[in-house]
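Here's the structure we're looking at; comments come further down.
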Amino acid sequence: MGCAGFTCSKHSLCALNILYVMVSLLMIGIAAWGKWFGLVSSFQVVGGIIGVGVFLFFVALAGLIGAMKHHQVLLFFYMIILFMVFIVQFSVSSACLAINRAQQDELLEVGWNNSQSTQRDVEKSLNCCGFKHFYANVTCDAACFPNNSCSPCADKIQEHAGEVLRFVGGIGLFFSFTEILGVWLTYRYRNQKDPRANPSAFL
């Protein structure tokens with residue numbers, strides 16, 4: 001029947017949701033691995049990533065079941081949720097790509113001041129102390145601290161922040177387009193008749 005047919009739409013939607021399931025499990029696994037091995041000590045960061053992974057897993061599971069059973073209600077709610085996720089993800093990805101240096105500095109400082117555990121993680125991984133100024137009388141977990149040879153973390157973070165934002169923005173844009181593809185596939189698939197369930201509909 002070609003790619004415009006019922007079977008092709010069903011298989012395409014199933015494949016897309018299997019990809020989302022794999023991505024969600026990867027997110028959950030990486031977050032748990034980072035927490036287990038002490039790479040990330042911030043519970044909020046780990047919890048946030050795992051929460052997003054679990055949400056994506058259940059959305060993908062609903063889409064997969066809806067596609068396999070041609071379940072109209074499940075497909076409708078899956079389409080609505082996926083479209084809302086697309087709007088949020090596209091907006092955030094565009095902001096990541098458009099943000100300038102001054103806005104980066106402001107956001108990084110806010111994030112730095114809001115989480116002590118994140119500060120410790122950054123100081124240990126980048127071997128720096130403080131955000132914009134190094135104070136020898138303040139406790140720091142960096143290896144350079146005993147020698148009082150540490151530099152502030154802001155400059156080191158900025159070296160990586162631009163690359164990370166571009167990477168995250170690019171990945172986010174890629175997946176946002178797969179989500180709008182999923183919305184279109186779901187809309188088309190919902191309006192197609194299953195020839196096996198109702199062969200007379202095509203006569």
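The chains in the structure tokens are called A, B, ... from first to last as shown; in each chain the residues are counted from 1, and the ligands are counted from 1 in the order shown.
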
Can you pull out every residue within 10 Å of Asn148 of chain A, counting only C-alpha atoms, but drop anything in the same chain fewer than 2 positions away, and send it as a ChimeraX atom specification? /A:129,134-137,143-146,150-151

Residues of segment 28-199 of chain A classed as alpha helix (DSSP H) by DSSP on the backbone are to be reported as JSON, numbers by chain. {"A": [28, 29, 30, 31, 32, 33, 34, 35, 36, 43, 44, 45, 46, 47, 48, 49, 50, 51, 52, 53, 54, 55, 56, 57, 58, 59, 60, 61, 62, 63, 64, 65, 66, 67, 68, 69, 72, 73, 74, 75, 76, 77, 78, 79, 80, 81, 82, 83, 84, 85, 86, 87, 88, 89, 90, 91, 92, 93, 94, 95, 96, 97, 98, 101, 102, 103, 104, 105, 106, 107, 108, 109, 110, 111, 112, 113, 114, 116, 117, 118, 119, 120, 121, 122, 123, 124, 125, 126, 153, 154, 155, 156, 157, 158, 159, 160, 161, 162, 163, 164, 165, 166, 167, 168, 169, 170, 171, 172, 173, 174, 175, 176, 177, 178, 179, 180, 181, 182, 183, 184, 185, 186, 187, 188, 189, 190]}

Could you build a table of the residues in segment 97-202 of chain A lying no more than 10 Å from segment 19-33 of chain A, giving for each the nearest pair of atoms and their separation in Å rounded to one decimal place, using only C-alpha atoms, ordered by chain and ascending residue number, as a Markdown table?
```
| residue | atom | partner | partner_atom | distance |
| --- | --- | --- | --- | --- |
| A:Phe175 | CA | A:Tyr20 | CA | 9.5 |
| A:Thr178 | CA | A:Tyr20 | CA | 9.8 |
| A:Glu179 | CA | A:Tyr20 | CA | 9.7 |
```

Can I get the selected residues back with all heavy atoms, as a PDB file, in the first residue's frame?
```pdb
ATOM      1  N   PHE A 175      15.151  16.574  18.202  1.00  0.00           N
ATOM      2  CA  PHE A 175      14.067  15.775  18.764  1.00  0.00           C
ATOM      3  C   PHE A 175      12.726  16.496  18.688  1.00  0.00           C
ATOM      4  O   PHE A 175      11.679  15.848  18.621  1.00  0.00           O
ATOM      5  CB  PHE A 175      14.385  15.370  20.205  1.00  0.00           C
ATOM      6  CG  PHE A 175      15.245  14.144  20.294  1.00  0.00           C
ATOM      7  CD1 PHE A 175      16.589  14.243  20.574  1.00  0.00           C
ATOM      8  CD2 PHE A 175      14.715  12.893  20.063  1.00  0.00           C
ATOM      9  CE1 PHE A 175      17.399  13.113  20.637  1.00  0.00           C
ATOM     10  CE2 PHE A 175      15.502  11.751  20.116  1.00  0.00           C
ATOM     11  CZ  PHE A 175      16.846  11.866  20.404  1.00  0.00           C
ATOM     12  N   THR A 178      11.323  15.540  15.450  1.00  0.00           N
ATOM     13  CA  THR A 178      10.783  14.175  15.467  1.00  0.00           C
ATOM     14  C   THR A 178       9.442  14.146  16.190  1.00  0.00           C
ATOM     15  O   THR A 178       8.574  13.324  15.862  1.00  0.00           O
ATOM     16  CB  THR A 178      11.756  13.184  16.151  1.00  0.00           C
ATOM     17  OG1 THR A 178      11.854  13.474  17.552  1.00  0.00           O
ATOM     18  CG2 THR A 178      13.134  13.229  15.512  1.00  0.00           C
ATOM     19  N   GLU A 179       9.262  15.042  17.169  1.00  0.00           N
ATOM     20  CA  GLU A 179       7.979  15.096  17.883  1.00  0.00           C
ATOM     21  C   GLU A 179       6.858  15.629  16.989  1.00  0.00           C
ATOM     22  O   GLU A 179       5.740  15.108  17.022  1.00  0.00           O
ATOM     23  CB  GLU A 179       8.127  15.963  19.134  1.00  0.00           C
ATOM     24  CG  GLU A 179       8.922  15.295  20.229  1.00  0.00           C
ATOM     25  CD  GLU A 179       9.546  16.273  21.199  1.00  0.00           C
ATOM     26  OE1 GLU A 179       9.279  17.483  21.094  1.00  0.00           O
ATOM     27  OE2 GLU A 179      10.330  15.820  22.057  1.00  0.00           O
TER      28      GLU A 179
END
```

Could you list, as a PyMOL selection string, every residue within 12 Å of segment 83-96 of chain A, counting only C-alpha atoms and ignoring same-chain residues fewer than 5 positions away? chain A and resi 52+55-56+59+76-78+101+103-104+107+161-187

Kindly indicate which residue among A:Val54, A:Ile18, A:Ala154, A:Cys8 lies nearest to Glu106 of chain A, using only C-alpha atoms for the distances.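 Distance minimum relative to Glu106 of chain A lands on A:Ala154.
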
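Distance annotation: of A:Leu108, A:Ala62, A:Asn147, A:Ser117, the residue with the minimal separation from Lys132 of chain A is A:Leu108; atom set is only C-alpha atoms.
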
Go through A:Arg190, A:Gln72, A:Lys124, A:Phe131 one by one, measure the shortest atom-to-atom distance of each to Val110 of chain A using only C-alpha atoms, and give the residue with the smallest value.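 So, comparing all the options, the nearest one is A:Phe131.
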
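Using only C-alpha atoms for every distance, the candidate list A:Cys14, A:Asn100, A:Leu61, A:His70 yields A:His70 as the residue closest to Lys193 of chain A.
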
Students should find that atom CA of Thr7 of chain A and atom CA of Leu64 of chain A are spaced 14.1 Å

Quick one: distance from atom CA of Asp194 of chain A to atom CA of Ser12 of chain A in Å, one decimal? 15.2 Å

Distance in Å - atom CA of Gly48 of chain A versus atom CA of Ile80 of chain A: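 A separation of 22.6 Å between them.
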